[in-house]
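Engineer: Mind looking over this structure? Questions follow.
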Amino acid sequence: MALPGVRGPAPSLRALRRNAGLIVSAAVTLLALGWALAPSLFAGGDPLTGVPAEKFQPPSAEHWFGTDNLGRDLYTRMVHGAGLSLTATLSAVALALVAGALLGVLAGAIGGVVDAVAMRVVDVLLSIPALLLSLALVTALGFGTRNVAIAVGVSLIANFARVMRSEVLRVRRAVYVEAAHASGVRWYAVLARHVLPNSYQPVLALAAVEFGMAVLSVSALSFLGYGAEPPTPEWGSLISEGRNYLATAWWLTTLPGLVIIGVVLAAQRLGRAAGRTDQP
C-alpha cells in the first residue's frame with residue numbers, strides 16, 4: 001500500500017522491472033544468433049591458429065575468455081563455434097517440429113487405428129531418455145555435425161507429436177469446427193482453415209523451449225566426440241578440450257559452460273513467456 005503523498009513507480013518502470021528477465025533473455029539469444037550468423041563481426045581473429053608464447057593466458061582485456069594450450073583465443077573460438085553448434089540445434093528443432101507436428105496432426109485428425117499406433121510409437125520414444133536415444137542414433141549414423149542434428153531431432157519428435165495431437169483434439173471439439181463439418185465443408189478444408197491455425201501456437205512455444213534442450217544435447221554429443229573433427233570449434237568440443245587443464249586453466253571449461261547455460265536459460269525463458277502468451 002502506497003503512503004499518502006508518495007507516488008509509486010511509473011507504469012513503464014514497473015513493466016520494465018517485470019519484463020527485465022525477458023529482455024535479458026532476448027538479448028542473450030540475439031547475441032548467440034549474431035555469433036552464429038556473423039562471427040567475424042564479433043571476433044575477427046583466426047579460431048584455428050594461436051600464438052604458442054601466449055598459451056594458458058587467463059581472461060583479460062586482450063583475451064576476454066583467455067587462451068588455450070596452443071595459444072588460441074578462446075573467445076574467438078566460442079564465437080566461431082556458435083555457427084556449427086546453433087546450426088545443428090536449429091536443424092534438430094526444425095526436424096522435430098515438422099515430423100512431430102505432422103505425426104500429431106495425423107493422429108489427432110484421423111483417430112482410430114492411426115491414432116493408437118502413432119501414440120504407441122510416441123510412448124516408446126518418450127520412455128527412452130532423449131540423450132540416450134540421440135547417443136544411440138548418432139552411434140549408428142556416424143560422426144559429424146549433420147548426424148548429430150538428425151539424432152537430436154529424432155529424439156525430440158515425440159514431444160512435438162504429443163502436444164500437436166492434444167491441440168488438434170481440443171480444436172476438433174470446438175463449436176465452429178463442428179459447424180463447418182455440418183455445413184458440408186470438406187474435412188481437409190476444415191483441417192487447413194480451422195484446426196491448424198488454432199493448433200500451432202503451443203507447438204511453436206514448445207520449439208523455443210526445446211531449443212534450449214537441443215543446445216544441451218548437441219553440446220553433449222560434441223563433448224563426447226561425435227561432432228565436427230578437431231580443430232574445428234564447437235561448444236561441446238571446447239569444453240572437452242579444456243577438461244584436461246581444469247586444475248590450472250579453469251576458464252577453458254568454465255566460460256564455455258557458462259555461455260551454454262546462458263543460452264539454454266534464455267531459450268527456456270522465452271519459450272515459457274511465449275507459452276503464457278498463447279493461453280486464452
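Going through the C-alpha cells in order, the chains are called A, B, and so on, while each chain numbers its residues from 1 and the ligands are numbered from 1 in the order shown.
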Extract, using only C-alpha atoms, all DNA, RNA and protein residues at most 12 Å from range 97-106 of chain A, discarding same-chain residues fewer than 5 positions from it, and format them as an NGL selection string.

Structural biologist: :A and (90-92 or 111-122 or 125 or 150 or 152-172 or 188 or 191-192 or 195-197 or 199-211)

Engineer: Write out as a ChimeraX atom specification all residues of range 143-232 of chain A that backbone DSSP assigns to helix (DSSP H, G or I).

Structural biologist: /A:145-172,175-182,187-198,200-223

Engineer: Of the candidates A:Val264, A:Gly83, A:Thr67, A:Ser222, which one gets nearest to Gly236 in chain A if we count only C-alpha atoms?

Structural biologist: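 Checking each candidate against Gly236 in chain A, we get A:Ser222 as the closest.
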
Engineer: Report the distance between CA of Ala274 in chain A and CA of Ile23 in chain A in Å, rounded to one decimal place.

Structural biologist: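 The value is 13.1 Å.
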
Engineer: Nearest residue to Leu74 in chain A out of A:Asp123, A:Ser60, A:Thr87, A:Leu133, using only C-alpha atoms?

Structural biologist: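 Of A:Asp123, A:Ser60, A:Thr87, A:Leu133, the one nearest Leu74 in chain A, counting only C-alpha atoms, is A:Ser60.
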
Engineer: Quick one: pull the distance between CA of Thr253 in chain A and CA of Gly71 in chain A, Å, one decimal.

Structural biologist: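 Atom-to-atom, CA of Thr253 in chain A and CA of Gly71 in chain A are spaced 15.4 Å apart.
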